[in-house]
$ cat structure-v9.txt   # compact mmCIF, C-alpha atoms and all ligand atoms
# COMPACT_ATOMS: atom_id res chain seq x y z
CA MET A 1 -16.61 28.64 87.46
CA ARG A 2 -19.74 30.16 86.00
CA HIS A 3 -23.28 29.07 86.54
CA TRP A 4 -26.57 30.12 85.00
CA LEU A 5 -28.93 32.14 87.13
CA PRO A 6 -31.56 30.05 88.92
CA VAL A 7 -35.05 30.25 87.46
CA GLY A 8 -36.31 32.05 90.59
CA TRP A 9 -34.02 34.95 89.78
CA MET A 10 -36.33 35.85 86.93
CA SER A 11 -39.49 35.87 89.05
CA VAL A 12 -41.80 38.86 88.79
CA TRP A 13 -42.16 40.93 91.92
CA ALA A 14 -45.63 42.29 91.32
CA ALA A 15 -46.78 40.92 94.67
CA CYS A 16 -44.39 43.03 96.68
CA ALA A 17 -44.11 45.97 94.33
CA ILE A 18 -44.97 49.33 95.76
CA GLY A 19 -44.49 51.35 92.59
CA ALA A 20 -44.38 51.09 88.84
CA TRP A 21 -42.57 52.93 86.14
CA ALA A 22 -43.83 53.32 82.58
CA GLY A 23 -41.16 54.12 79.99
CA PRO A 24 -41.44 56.90 77.43
CA ALA A 25 -41.72 55.71 73.82
CA GLN A 26 -42.64 52.06 73.31
CA SER A 27 -44.12 51.93 76.77
CA ILE A 28 -42.88 49.29 79.14
CA VAL A 29 -43.91 48.76 82.71
CA LEU A 30 -41.44 47.62 85.31
CA THR A 31 -42.40 47.06 88.88
CA THR A 32 -40.23 48.92 91.32
CA ARG A 33 -39.46 48.49 94.96
CA HIS A 34 -37.86 50.71 97.53
CA VAL A 35 -34.64 49.19 98.77
CA TYR A 36 -32.27 51.16 100.98
CA GLY A 37 -34.40 54.29 100.41
CA ARG A 38 -34.15 54.24 96.61
CA GLU A 39 -36.41 52.99 93.87
CA TYR A 40 -35.04 49.78 92.41
CA VAL A 41 -35.95 47.39 89.60
CA ALA A 42 -35.25 43.68 89.75
CA LEU A 43 -32.49 42.94 87.27
CA GLY A 44 -34.39 39.86 86.13
CA ASP A 45 -37.36 42.04 85.19
CA MET A 46 -35.18 44.39 83.19
CA ALA A 47 -33.53 41.44 81.43
CA LYS A 48 -36.90 39.99 80.54
CA VAL A 49 -38.30 43.26 79.20
CA PHE A 50 -35.15 43.95 77.17
CA GLY A 51 -34.89 40.36 75.90
CA LEU A 52 -31.53 39.70 77.57
CA LYS A 53 -30.14 36.47 78.99
CA GLY A 54 -28.57 36.69 82.43
CA GLN A 55 -25.51 34.92 83.71
CA ALA A 56 -24.17 35.31 87.25
CA ASN A 57 -20.49 34.71 87.92
CA ARG A 58 -18.60 33.82 91.09
CA ASP A 59 -16.79 37.16 91.01
CA ARG A 60 -20.22 38.75 91.70
CA SER A 61 -20.48 40.02 88.15
CA VAL A 62 -23.66 39.58 86.13
CA ILE A 63 -23.53 39.47 82.35
CA LEU A 64 -26.66 40.26 80.35
CA THR A 65 -26.56 39.39 76.68
CA SER A 66 -28.56 39.17 73.49
CA PRO A 67 -27.10 38.64 70.01
CA GLN A 68 -26.53 42.43 69.79
CA VAL A 69 -25.99 43.47 73.37
CA ARG A 70 -23.52 42.84 76.21
CA VAL A 71 -23.97 44.44 79.61
CA ARG A 72 -21.74 43.75 82.61
CA LEU A 73 -22.75 44.65 86.15
CA THR A 74 -21.26 43.78 89.53
CA VAL A 75 -23.09 43.29 92.83
CA ASP A 76 -22.28 46.02 95.39
CA SER A 77 -20.58 48.09 92.70
CA ARG A 78 -21.59 51.17 90.71
CA GLU A 79 -19.47 50.08 87.77
CA ALA A 80 -21.23 48.90 84.65
CA GLU A 81 -20.21 48.18 81.08
CA VAL A 82 -22.43 48.48 78.01
CA GLN A 83 -20.96 47.30 74.70
CA GLY A 84 -17.46 47.79 76.10
CA VAL A 85 -18.12 51.34 77.37
CA LYS A 86 -17.89 51.98 81.12
CA TYR A 87 -20.75 53.53 83.05
CA TRP A 88 -21.38 54.26 86.73
CA LEU A 89 -24.79 53.43 88.16
CA SER A 90 -26.35 56.10 90.35
CA ALA A 91 -26.09 53.62 93.26
CA PRO A 92 -24.45 50.18 93.64
CA LEU A 93 -26.16 47.07 92.28
CA ALA A 94 -27.88 45.58 95.34
CA LEU A 95 -28.44 41.99 96.43
CA HIS A 96 -31.65 41.89 98.46
CA SER A 97 -34.25 39.16 99.14
CA ARG A 98 -32.10 36.80 97.04
CA GLN A 99 -32.59 39.02 94.00
CA VAL A 100 -30.32 41.47 92.23
CA TRP A 101 -31.64 45.04 92.05
CA LEU A 102 -30.51 48.07 90.13
CA PRO A 103 -31.60 51.69 90.54
CA ALA A 104 -34.74 52.40 88.48
CA ILE A 105 -33.28 55.70 87.28
CA ASP A 106 -30.42 53.85 85.57
CA VAL A 107 -32.88 51.55 83.80
CA VAL A 108 -34.83 54.57 82.57
CA LYS A 109 -32.00 56.98 81.81
CA THR A 110 -29.15 54.71 80.76
CA PHE A 111 -30.15 51.17 79.77
CA ASP A 112 -33.46 51.95 78.06
CA PRO A 113 -32.05 54.61 75.70
CA LEU A 114 -28.84 52.65 75.09
CA LEU A 115 -30.41 49.25 74.52
CA ARG A 116 -33.72 50.20 72.92
CA ARG A 117 -32.99 53.72 71.56
CA THR A 118 -36.19 54.95 73.21
CA GLY A 119 -37.23 58.51 73.93
CA LEU A 120 -34.87 60.21 71.48
CA ALA A 121 -36.19 63.75 71.17
CA ALA A 122 -33.61 65.59 69.06
CA ALA A 123 -34.74 67.84 66.23
CA TRP A 124 -34.64 66.11 62.89
CA PRO A 125 -32.97 66.28 60.41
CA LEU A 126 -29.74 66.90 62.27
CA ARG A 127 -28.06 69.78 60.44
CA THR A 128 -26.32 72.29 62.66
CA VAL A 129 -23.51 71.07 64.91
CA VAL A 130 -22.13 73.54 67.46
CA LEU A 131 -18.55 72.81 68.47
CA ASP A 132 -17.30 74.37 71.67
CA PRO A 133 -13.50 74.64 71.96
CA GLY A 134 -12.98 74.57 75.74
CA HIS A 135 -11.40 77.52 77.60
CA GLY A 136 -9.83 80.53 75.77
CA GLY A 137 -8.24 83.91 76.53
CA PRO A 138 -6.95 84.14 80.11
CA ASP A 139 -8.51 80.75 80.86
CA GLN A 140 -5.81 78.48 79.47
CA GLY A 141 -7.26 75.21 80.74
CA ALA A 142 -4.80 72.42 81.40
CA HIS A 143 -1.20 72.62 80.28
CA ALA A 144 1.34 70.01 79.29
CA LYS A 145 4.96 69.88 80.40
CA ASN A 146 6.04 70.65 76.84
CA GLY A 147 4.19 73.98 77.01
CA LEU A 148 1.09 72.99 75.03
CA LEU A 149 -2.06 74.63 76.31
CA GLU A 150 -5.50 73.04 76.41
CA LYS A 151 -7.17 76.18 75.00
CA THR A 152 -4.94 76.01 71.89
CA LEU A 153 -5.50 72.28 71.39
CA THR A 154 -9.28 72.45 71.79
CA LEU A 155 -9.52 75.13 69.08
CA ASP A 156 -7.17 73.19 66.81
CA LEU A 157 -9.16 69.97 67.23
CA SER A 158 -12.51 71.75 66.82
CA ARG A 159 -11.32 73.27 63.52
CA ARG A 160 -10.18 69.86 62.27
CA LEU A 161 -13.53 68.36 63.26
CA ARG A 162 -15.38 71.22 61.62
CA ALA A 163 -13.62 70.54 58.31
CA LEU A 164 -14.65 66.87 58.41
CA LEU A 165 -18.26 67.62 59.35
CA VAL A 166 -18.59 70.29 56.63
CA GLN A 167 -17.45 67.68 54.09
CA LYS A 168 -20.31 65.49 55.30
CA GLY A 169 -22.79 68.32 54.69
CA TYR A 170 -23.29 69.59 58.25
CA ASN A 171 -23.60 73.26 59.06
CA VAL A 172 -20.89 73.74 61.72
CA LEU A 173 -20.57 76.66 64.15
CA LEU A 174 -17.83 77.29 66.71
CA THR A 175 -18.56 79.03 70.02
CA ARG A 176 -15.16 80.70 69.64
CA ASN A 177 -12.86 80.80 66.63
CA ASP A 178 -9.92 82.60 68.21
CA ASP A 179 -8.17 82.86 71.56
CA ARG A 180 -10.81 84.80 73.47
CA GLU A 181 -12.43 84.60 76.85
CA THR A 182 -15.78 82.83 76.43
CA PRO A 183 -17.97 82.58 79.54
CA LEU A 184 -19.45 79.14 80.14
CA ASP A 185 -23.10 80.24 79.99
CA SER A 186 -22.50 82.13 76.72
CA ARG A 187 -21.49 78.84 75.08
CA SER A 188 -24.84 77.13 75.58
CA ALA A 189 -26.61 80.45 74.89
CA PHE A 190 -24.77 80.58 71.53
CA ALA A 191 -25.97 77.06 70.69
CA ARG A 192 -29.54 78.01 71.61
CA SER A 193 -29.62 81.29 69.68
CA ARG A 194 -28.03 79.74 66.59
CA LYS A 195 -30.47 76.84 66.73
CA GLY A 196 -27.83 74.14 67.07
CA ASP A 197 -29.10 70.58 66.66
CA LEU A 198 -26.12 69.08 68.49
CA PHE A 199 -23.47 70.46 70.87
CA VAL A 200 -20.00 69.03 71.46
CA SER A 201 -17.67 70.72 73.95
CA VAL A 202 -14.07 69.74 73.24
CA HIS A 203 -11.53 69.43 76.08
CA PHE A 204 -8.28 67.84 77.15
CA ASN A 205 -7.87 66.58 80.68
CA SER A 206 -5.42 66.97 83.53
CA SER A 207 -5.05 65.13 86.82
CA ALA A 208 -1.92 67.01 87.93
CA PRO A 209 -0.09 66.50 90.20
CA SER A 210 -1.07 62.87 89.56
CA LEU A 211 0.64 61.88 86.30
CA GLU A 212 -0.75 58.39 85.75
CA PRO A 213 -4.36 58.82 84.57
CA ARG A 214 -4.71 58.72 80.80
CA GLY A 215 -7.36 58.10 78.19
CA ALA A 216 -10.65 59.47 76.95
CA GLU A 217 -13.95 60.09 78.71
CA THR A 218 -17.23 61.62 77.64
CA PHE A 219 -19.62 63.51 79.91
CA CYS A 220 -23.33 64.08 79.56
CA LEU A 221 -25.77 65.91 81.81
CA THR A 222 -26.81 64.10 85.00
CA PRO A 223 -30.53 63.26 84.90
CA SER A 224 -32.77 64.72 87.58
CA GLY A 225 -33.00 62.27 90.48
CA ALA A 226 -29.49 60.87 90.03
CA GLN A 227 -26.08 61.70 91.42
CA SER A 228 -23.25 62.80 89.20
CA THR A 229 -20.48 60.25 88.65
CA SER A 230 -18.03 62.05 90.91
CA ALA A 231 -20.50 62.27 93.83
CA LYS A 232 -19.14 60.94 97.11
CA GLY A 233 -21.54 59.17 99.43
CA ALA A 234 -24.87 57.58 98.67
CA THR A 235 -27.27 60.32 99.72
CA LEU A 236 -29.15 62.27 97.07
CA SER A 237 -29.29 66.00 97.74
CA ALA A 238 -31.88 68.59 96.69
CA ALA A 239 -29.51 69.66 93.89
CA ASP A 240 -29.80 66.15 92.42
CA PHE A 241 -33.48 66.74 91.73
CA VAL A 242 -33.17 69.97 89.76
CA THR A 243 -34.27 69.67 86.14
CA PHE A 244 -32.44 71.75 83.52
CA SER A 245 -33.49 72.42 79.93
CA GLY A 246 -30.72 70.03 78.83
CA ASN A 247 -32.50 67.22 80.67
CA ARG A 248 -35.18 67.24 77.97
CA PHE A 249 -32.59 65.36 75.93
CA ASP A 250 -31.45 62.88 78.59
CA ASN A 251 -31.94 59.92 76.27
CA ASP A 252 -30.21 61.55 73.30
CA ASN A 253 -27.40 62.78 75.54
CA VAL A 254 -26.45 59.31 76.73
CA VAL A 255 -26.73 57.75 73.26
CA LEU A 256 -24.58 60.56 71.80
CA ALA A 257 -22.05 60.18 74.62
CA HIS A 258 -21.94 56.42 74.09
CA CYS A 259 -21.40 56.69 70.33
CA ILE A 260 -18.63 59.29 70.74
CA GLN A 261 -16.87 57.46 73.58
CA GLN A 262 -16.97 54.12 71.73
CA SER A 263 -15.59 55.78 68.61
CA LEU A 264 -12.83 57.67 70.47
CA VAL A 265 -11.57 54.50 72.13
CA GLY A 266 -12.09 52.24 69.12
CA ARG A 267 -10.46 54.54 66.57
CA THR A 268 -7.64 56.16 68.52
CA GLY A 269 -6.68 53.37 70.94
CA ALA A 270 -7.32 55.71 73.89
CA VAL A 271 -7.61 54.15 77.32
CA GLU A 272 -11.34 53.68 78.02
CA ARG A 273 -12.53 55.88 80.90
CA GLY A 274 -16.21 55.67 80.13
CA VAL A 275 -19.30 57.81 79.93
CA LYS A 276 -19.73 59.99 82.99
CA ARG A 277 -22.48 62.23 84.31
CA ALA A 278 -22.00 65.80 85.47
CA ARG A 279 -24.07 68.96 85.73
CA PHE A 280 -21.57 71.02 83.76
CA GLU A 281 -22.47 74.65 83.10
CA VAL A 282 -22.10 74.25 79.31
CA LEU A 283 -24.51 71.30 79.23
CA LYS A 284 -27.26 72.42 81.64
CA ASP A 285 -29.06 75.00 79.54
CA LEU A 286 -28.83 73.44 76.08
CA ALA A 287 -31.87 73.17 73.83
CA CYS A 288 -30.37 70.23 71.94
CA PRO A 289 -28.45 67.04 72.79
CA GLY A 290 -24.92 67.75 74.01
CA VAL A 291 -21.78 66.20 75.45
CA LEU A 292 -18.39 67.29 76.75
CA VAL A 293 -15.47 65.16 75.56
CA GLU A 294 -12.11 64.87 77.29
CA CYS A 295 -9.77 63.67 74.55
CA GLY A 296 -6.73 62.75 76.64
CA PHE A 297 -4.61 63.85 79.60
CA LEU A 298 -2.08 66.66 79.24
CA SER A 299 -0.75 65.60 82.65
CA ASN A 300 0.22 62.19 81.26
CA ALA A 301 3.42 61.82 79.23
CA SER A 302 2.10 59.13 76.82
CA ASP A 303 -1.13 60.97 76.10
CA THR A 304 0.73 64.27 75.65
CA ARG A 305 3.18 62.68 73.21
CA LEU A 306 0.23 61.61 71.05
CA ILE A 307 -1.83 64.79 71.44
CA SER A 308 1.22 66.85 70.39
CA GLN A 309 1.14 65.15 66.99
CA SER A 310 -0.94 66.75 64.27
CA SER A 311 -1.69 63.29 62.83
CA HIS A 312 -3.15 62.16 66.17
CA ARG A 313 -5.38 65.23 66.35
CA ASP A 314 -6.63 64.31 62.85
CA LYS A 315 -7.40 60.86 64.22
CA LEU A 316 -9.26 62.38 67.17
CA ALA A 317 -11.29 64.59 64.82
CA ALA A 318 -12.15 61.59 62.62
CA ALA A 319 -13.20 59.58 65.69
CA LEU A 320 -15.42 62.41 66.97
CA MET A 321 -17.01 62.74 63.54
CA ALA A 322 -17.62 58.99 63.30
CA GLY A 323 -19.25 59.08 66.74
CA ILE A 324 -21.56 61.90 65.64
CA GLU A 325 -22.44 59.97 62.48
CA THR A 326 -23.21 56.82 64.48
CA TYR A 327 -25.47 58.84 66.77
CA LYS A 328 -27.17 60.36 63.72
CA LYS A 329 -27.93 56.88 62.39
CA ALA A 330 -29.19 55.76 65.80
CA ALA A 331 -31.44 58.79 66.13
CA SER A 332 -32.72 58.88 62.54
CA ARG A 333 -36.41 58.52 61.97
ZN ZN B 1 -11.06 71.72 79.86

$ encode --input "structure-v9.txt" --output "structure tokens"
Amino acid sequence: MRHWLPVGWMSVWAACAIGAWAGPAQSIVLTTRHVYGREYVALGDMAKVFGLKGQANRDRSVILTSPQVRVRLTVDSREAEVQGVKYWLSAPLALHSRQVWLPAIDVVKTFDPLLRRTGLAAAWPLRTVVLDPGHGGPDQGAHAKNGLLEKTLTLDLSRRLRALLVQKGYNVLLTRNDDRETPLDSRSAFARSRKGDLFVSVHFNSSAPSLEPRGAETFCLTPSGAQSTSAKGATLSAADFVTFSGNRFDNDNVVLAHCIQQSLVGRTGAVERGVKRARFEVLKDLACPGVLVECGFLSNASDTRLISQSSHRDKLAAALMAGIETYKKAASR
């Protein structure tokens, strides 16, 4: 049985606030409070500022909605869902003083850009897209049981995507256009020196020896002050506070990742594995928004069957292009 949140849930915590955060673009102020050693925002405050209605459910989930938006969060869990795309909060949603709290960094770096498109800093107009076919040369990447290699597939898919983007009028550059060793830092350096406006690193996944995981996931750079999705334990380390040049585009990065992930799942029927955060070498030093997409698991038989088909790789390319186009619309000004 569901019930609507009590009125008190929406109360403002100015009285006990010990900090405040002002957002970037259309400035908003949310009072923050330290709970369990982290800065948190009352979920009711975020809902109010973003014009969302809140509904708490017996399964400890909280649904925030507006006519355009649906967010799902769960108390004591890092899992979140925005418009059907999975996210992981930097720390679990906390129940404290009879209120629900979420980490301030997630409000600033995930929900604000996703729900209000604030703080987008990408160069405009968006012309040059740098595609980065993962691996190459002696670095074969993942391999499927049928002998297919990730390095071959990433180049194949990047070329298909390039053809579609060129048709749409983009200038498209590849970090490698043959089977050669390409160091990770040279990939972002290439994007910087060629003045790329957008960077997409193309990969296929593997969880071998585990054969079950399948589906698509999209990574963007972890913001400074947050843990990466795969982090174990709740303690932030000094490395979590380093700021890279790619962090200048935190807001663009998450919107781009969202658009691409939503398109990949929606258009190819891939299992939804969400938008994840990582401090990947190819993303850290970018001077433009960038993501790394994992387009399916070569360790999974069903995914491999699909990925082996040329028609499916066309579908993947079309989905990636549609995601880029959706981001372009979102970021246009
Ligand atoms: Zn890879």

$ atom_distance --input "structure-v9.txt" --atom1 "atom CA of A:Arg78" --atom2 "atom CA of A:Leu211"
25.1 Å

$ closest_atom_pairs --input "structure-v9.txt" --of "chain A" --to "ligand ZN 1 (chain B)" --cutoff "12 Å" --atoms "only C-alpha atoms and all ligand atoms" --output "JSON lines"
{"residue": "A:Asp132", "atom": "CA", "partner": "B:ZN1", "partner_atom": "ZN", "distance": 10.6}
{"residue": "A:Pro133", "atom": "CA", "partner": "B:ZN1", "partner_atom": "ZN", "distance": 8.8}
{"residue": "A:Gly134", "atom": "CA", "partner": "B:ZN1", "partner_atom": "ZN", "distance": 5.4}
{"residue": "A:His135", "atom": "CA", "partner": "B:ZN1", "partner_atom": "ZN", "distance": 6.2}
{"residue": "A:Gly136", "atom": "CA", "partner": "B:ZN1", "partner_atom": "ZN", "distance": 9.8}
{"residue": "A:Asp139", "atom": "CA", "partner": "B:ZN1", "partner_atom": "ZN", "distance": 9.4}
{"residue": "A:Gln140", "atom": "CA", "partner": "B:ZN1", "partner_atom": "ZN", "distance": 8.6}
{"residue": "A:Gly141", "atom": "CA", "partner": "B:ZN1", "partner_atom": "ZN", "distance": 5.2}
{"residue": "A:Ala142", "atom": "CA", "partner": "B:ZN1", "partner_atom": "ZN", "distance": 6.5}
{"residue": "A:His143", "atom": "CA", "partner": "B:ZN1", "partner_atom": "ZN", "distance": 9.9}
{"residue": "A:Leu149", "atom": "CA", "partner": "B:ZN1", "partner_atom": "ZN", "distance": 10.1}
{"residue": "A:Glu150", "atom": "CA", "partner": "B:ZN1", "partner_atom": "ZN", "distance": 6.7}
{"residue": "A:Lys151", "atom": "CA", "partner": "B:ZN1", "partner_atom": "ZN", "distance": 7.7}
{"residue": "A:Thr152", "atom": "CA", "partner": "B:ZN1", "partner_atom": "ZN", "distance": 10.9}
{"residue": "A:Leu153", "atom": "CA", "partner": "B:ZN1", "partner_atom": "ZN", "distance": 10.1}
{"residue": "A:Thr154", "atom": "CA", "partner": "B:ZN1", "partner_atom": "ZN", "distance": 8.3}
{"residue": "A:Leu155", "atom": "CA", "partner": "B:ZN1", "partner_atom": "ZN", "distance": 11.4}
{"residue": "A:Leu184", "atom": "CA", "partner": "B:ZN1", "partner_atom": "ZN", "distance": 11.2}
{"residue": "A:Ser201", "atom": "CA", "partner": "B:ZN1", "partner_atom": "ZN", "distance": 8.9}
{"residue": "A:Val202", "atom": "CA", "partner": "B:ZN1", "partner_atom": "ZN", "distance": 7.5}
{"residue": "A:His203", "atom": "CA", "partner": "B:ZN1", "partner_atom": "ZN", "distance": 4.4}
{"residue": "A:Phe204", "atom": "CA", "partner": "B:ZN1", "partner_atom": "ZN", "distance": 5.5}
{"residue": "A:Asn205", "atom": "CA", "partner": "B:ZN1", "partner_atom": "ZN", "distance": 6.1}
{"residue": "A:Ser206", "atom": "CA", "partner": "B:ZN1", "partner_atom": "ZN", "distance": 8.2}
{"residue": "A:Ser207", "atom": "CA", "partner": "B:ZN1", "partner_atom": "ZN", "distance": 11.3}
{"residue": "A:Phe219", "atom": "CA", "partner": "B:ZN1", "partner_atom": "ZN", "distance": 11.9}
{"residue": "A:Phe280", "atom": "CA", "partner": "B:ZN1", "partner_atom": "ZN", "distance": 11.2}
{"residue": "A:Val282", "atom": "CA", "partner": "B:ZN1", "partner_atom": "ZN", "distance": 11.3}
{"residue": "A:Leu292", "atom": "CA", "partner": "B:ZN1", "partner_atom": "ZN", "distance": 9.1}
{"residue": "A:Val293", "atom": "CA", "partner": "B:ZN1", "partner_atom": "ZN", "distance": 9.0}
{"residue": "A:Glu294", "atom": "CA", "partner": "B:ZN1", "partner_atom": "ZN", "distance": 7.4}
{"residue": "A:Cys295", "atom": "CA", "partner": "B:ZN1", "partner_atom": "ZN", "distance": 9.7}
{"residue": "A:Gly296", "atom": "CA", "partner": "B:ZN1", "partner_atom": "ZN", "distance": 10.5}
{"residue": "A:Phe297", "atom": "CA", "partner": "B:ZN1", "partner_atom": "ZN", "distance": 10.2}
{"residue": "A:Leu298", "atom": "CA", "partner": "B:ZN1", "partner_atom": "ZN", "distance": 10.3}

$ write_last_selection --input "structure-v9.txt" --atoms "C-alpha atoms" --output "PDB file, in the frame of the given file"
ATOM      1  CA  ASP A 132     -17.300  74.370  71.670  1.00  0.00           C
ATOM      2  CA  PRO A 133     -13.500  74.640  71.960  1.00  0.00           C
ATOM      3  CA  GLY A 134     -12.980  74.570  75.740  1.00  0.00           C
ATOM      4  CA  HIS A 135     -11.400  77.520  77.600  1.00  0.00           C
ATOM      5  CA  GLY A 136      -9.830  80.530  75.770  1.00  0.00           C
ATOM      6  CA  ASP A 139      -8.510  80.750  80.860  1.00  0.00           C
ATOM      7  CA  GLN A 140      -5.810  78.480  79.470  1.00  0.00           C
ATOM      8  CA  GLY A 141      -7.260  75.210  80.740  1.00  0.00           C
ATOM      9  CA  ALA A 142      -4.800  72.420  81.400  1.00  0.00           C
ATOM     10  CA  HIS A 143      -1.200  72.620  80.280  1.00  0.00           C
ATOM     11  CA  LEU A 149      -2.060  74.630  76.310  1.00  0.00           C
ATOM     12  CA  GLU A 150      -5.500  73.040  76.410  1.00  0.00           C
ATOM     13  CA  LYS A 151      -7.170  76.180  75.000  1.00  0.00           C
ATOM     14  CA  THR A 152      -4.940  76.010  71.890  1.00  0.00           C
ATOM     15  CA  LEU A 153      -5.500  72.280  71.390  1.00  0.00           C
ATOM     16  CA  THR A 154      -9.280  72.450  71.790  1.00  0.00           C
ATOM     17  CA  LEU A 155      -9.520  75.130  69.080  1.00  0.00           C
ATOM     18  CA  LEU A 184     -19.450  79.140  80.140  1.00  0.00           C
ATOM     19  CA  SER A 201     -17.670  70.720  73.950  1.00  0.00           C
ATOM     20  CA  VAL A 202     -14.070  69.740  73.240  1.00  0.00           C
ATOM     21  CA  HIS A 203     -11.530  69.430  76.080  1.00  0.00           C
ATOM     22  CA  PHE A 204      -8.280  67.840  77.150  1.00  0.00           C
ATOM     23  CA  ASN A 205      -7.870  66.580  80.680  1.00  0.00           C
ATOM     24  CA  SER A 206      -5.420  66.970  83.530  1.00  0.00           C
ATOM     25  CA  SER A 207      -5.050  65.130  86.820  1.00  0.00           C
ATOM     26  CA  PHE A 219     -19.620  63.510  79.910  1.00  0.00           C
ATOM     27  CA  PHE A 280     -21.570  71.020  83.760  1.00  0.00           C
ATOM     28  CA  VAL A 282     -22.100  74.250  79.310  1.00  0.00           C
ATOM     29  CA  LEU A 292     -18.390  67.290  76.750  1.00  0.00           C
ATOM     30  CA  VAL A 293     -15.470  65.160  75.560  1.00  0.00           C
ATOM     31  CA  GLU A 294     -12.110  64.870  77.290  1.00  0.00           C
ATOM     32  CA  CYS A 295      -9.770  63.670  74.550  1.00  0.00           C
ATOM     33  CA  GLY A 296      -6.730  62.750  76.640  1.00  0.00           C
ATOM     34  CA  PHE A 297      -4.610  63.850  79.600  1.00  0.00           C
ATOM     35  CA  LEU A 298      -2.080  66.660  79.240  1.00  0.00           C
TER      36      LEU A 298
END

$ residues_around --input "structure-v9.txt" --residues "A:Glu281" --least-positions-apart "2" --cutoff "10 Å" --atoms "all atoms listed in the file" --output "ChimeraX atom specification"
/A:183-188,221,278-279,283-286

$ atom_distance --input "structure-v9.txt" --atom1 "atom CA of A:Lys86" --atom2 "atom CA of A:Tyr170"
29.4 Å

$ residues_around --input "structure-v9.txt" --residues "stretch 312-329 of chain A" --least-positions-apart "2" --cutoff "6 Å" --atoms "all atoms listed in the file" --output "list in words"
Arg160, Leu161, Leu256, Cys259, Ile260, Ser263, Leu264, Arg267, Leu306, Gln309, Ser310, Ala331 and Ser332 of chain A

$ closest_residue --input "structure-v9.txt" --among "A:Arg273, A:Arg60, A:Arg159, A:Lys48" --to "A:Thr218" --atoms "only C-alpha atoms"
A:Arg273

$ decode --input "structure-v9.txt" --residues "stretch 245-259 of chain A" --atoms "N, CA and C atoms" --output "mmCIF file, in the first residue's frame"
data_model
loop_
_atom_site.group_PDB
_atom_site.id
_atom_site.type_symbol
_atom_site.label_atom_id
_atom_site.label_comp_id
_atom_site.auth_asym_id
_atom_site.auth_seq_id
_atom_site.Cartn_x
_atom_site.Cartn_y
_atom_site.Cartn_z
ATOM 1 N N SER A 245 40.878 17.910 -15.584
ATOM 2 C CA SER A 245 40.343 18.890 -16.539
ATOM 3 C C SER A 245 38.959 18.443 -17.028
ATOM 4 N N GLY A 246 38.760 17.131 -17.128
ATOM 5 C CA GLY A 246 37.451 16.621 -17.551
ATOM 6 C C GLY A 246 36.318 16.970 -16.602
ATOM 7 N N ASN A 247 36.638 17.289 -15.361
ATOM 8 C CA ASN A 247 35.608 17.657 -14.387
ATOM 9 C C ASN A 247 34.985 19.027 -14.672
ATOM 10 N N ARG A 248 35.637 19.800 -15.538
ATOM 11 C CA ARG A 248 35.022 21.077 -15.939
ATOM 12 C C ARG A 248 33.673 20.815 -16.608
ATOM 13 N N PHE A 249 33.528 19.612 -17.141
ATOM 14 C CA PHE A 249 32.310 19.295 -17.899
ATOM 15 C C PHE A 249 31.435 18.282 -17.167
ATOM 16 N N ASP A 250 31.527 18.269 -15.844
ATOM 17 C CA ASP A 250 30.741 17.308 -15.054
ATOM 18 C C ASP A 250 29.271 17.281 -15.479
ATOM 19 N N ASN A 251 28.686 18.471 -15.623
ATOM 20 C CA ASN A 251 27.248 18.512 -15.914
ATOM 21 C C ASN A 251 26.943 18.002 -17.317
ATOM 22 N N ASP A 252 27.773 18.411 -18.281
ATOM 23 C CA ASP A 252 27.615 17.889 -19.651
ATOM 24 C C ASP A 252 27.826 16.381 -19.673
ATOM 25 N N ASN A 253 28.864 15.934 -18.956
ATOM 26 C CA ASN A 253 29.205 14.508 -18.986
ATOM 27 C C ASN A 253 28.017 13.633 -18.579
ATOM 28 N N VAL A 254 27.342 14.021 -17.512
ATOM 29 C CA VAL A 254 26.251 13.173 -17.027
ATOM 30 C C VAL A 254 25.031 13.266 -17.951
ATOM 31 N N VAL A 255 24.798 14.447 -18.535
ATOM 32 C CA VAL A 255 23.665 14.574 -19.467
ATOM 33 C C VAL A 255 23.956 13.770 -20.740
ATOM 34 N N LEU A 256 25.194 13.846 -21.227
ATOM 35 C CA LEU A 256 25.586 13.065 -22.407
ATOM 36 C C LEU A 256 25.469 11.560 -22.113
ATOM 37 N N ALA A 257 25.970 11.151 -20.952
ATOM 38 C CA ALA A 257 25.893 9.732 -20.582
ATOM 39 C C ALA A 257 24.445 9.279 -20.501
ATOM 40 N N HIS A 258 23.607 10.110 -19.917
ATOM 41 C CA HIS A 258 22.180 9.768 -19.779
ATOM 42 C C HIS A 258 21.522 9.596 -21.150
ATOM 43 N N CYS A 259 21.769 10.553 -22.038
ATOM 44 C CA CYS A 259 21.131 10.515 -23.365
ATOM 45 C C CYS A 259 21.587 9.268 -24.126
#
